[in-house]
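Encoded as C-alpha cells, the structure appears first; notes follow it.
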Amino acid sequence: MKHKPNSMQILVAVNCAALCLLAFVELTPPAGAQAGRTRGTYTAATGRIPGTETFALYVVDETTQELIAVQWDPRAKQLQGLGYRNLAADMGDVMRPRGN
C-alpha cells in the first residue's frame, strides 16, 4: 500500500525547494554587465527646449555624472531620446587651461 504524503510534508518539500533556489540565485556571480556598475542616484527636471514651445525631461545620473534628455512623442506614444552629455568630461573641459 502506498503512503500518501500529508500537507505538512508537501509544505516542507516546497519550502526546501524554494530555499535551494534562493541559495542558487544569491550565490551565483553577477553577470559581466552588472559587475562593475554601481547603483545610480537620479535627479529629473523638466525644461523648455531653447527656441521652441516644446518641453523636455532632463535626467541626471549623479553617480556616473551623465545626463540624458528625452521628450514624449504623443503620436508614437513613446519617449524619444534627444541627447546625451557626460558631465564629468564637460567639467574636465571647463577646468582645462586655455591658451591665448
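Going through the C-alpha cells in order, the chains are called A, B, and so on, while each chain numbers its residues from 1 and the ligands are numbered from 1 in the order shown.
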
Residue neighbourhood Thr41 (chain A), 8 Å, only C-alpha atoms, exclusion window fewer than 2 positions, as a PDB file with C-alpha atoms, in the first residue's frame:
```pdb
ATOM      1  CA  ARG A  39      23.628  51.772  -8.324  1.00  0.00           C
ATOM      2  CA  THR A  43      17.517  63.554 -10.489  1.00  0.00           C
ATOM      3  CA  ASP A  61      22.676  60.101 -13.043  1.00  0.00           C
ATOM      4  CA  GLU A  62      24.623  61.639 -10.167  1.00  0.00           C
ATOM      5  CA  THR A  63      26.763  58.517  -9.687  1.00  0.00           C
TER       6      THR A  63
END
```

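The shortest atom-to-atom distance to Tyr42 (chain A), with only C-alpha atoms taken into account, belongs to A:Thr64 out of A:Thr54, A:Thr64, A:Gln80, A:Thr28.
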
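You will find CA of Gly92 (chain A) at 21.1 Å from CA of Gly40 (chain A).
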
Would you mind writing down, as a VMD selection string, each residue of chain A that DSSP on the backbone assigns to helix (DSSP H, G or I)?
-> chain A and resid 7 to 27 32 to 35 87 to 95

Enter the distance from CA of Ile49 (chain A) to CA of Gly83 (chain A), in Å, rounded to one decimal.
-> 11.6 Å
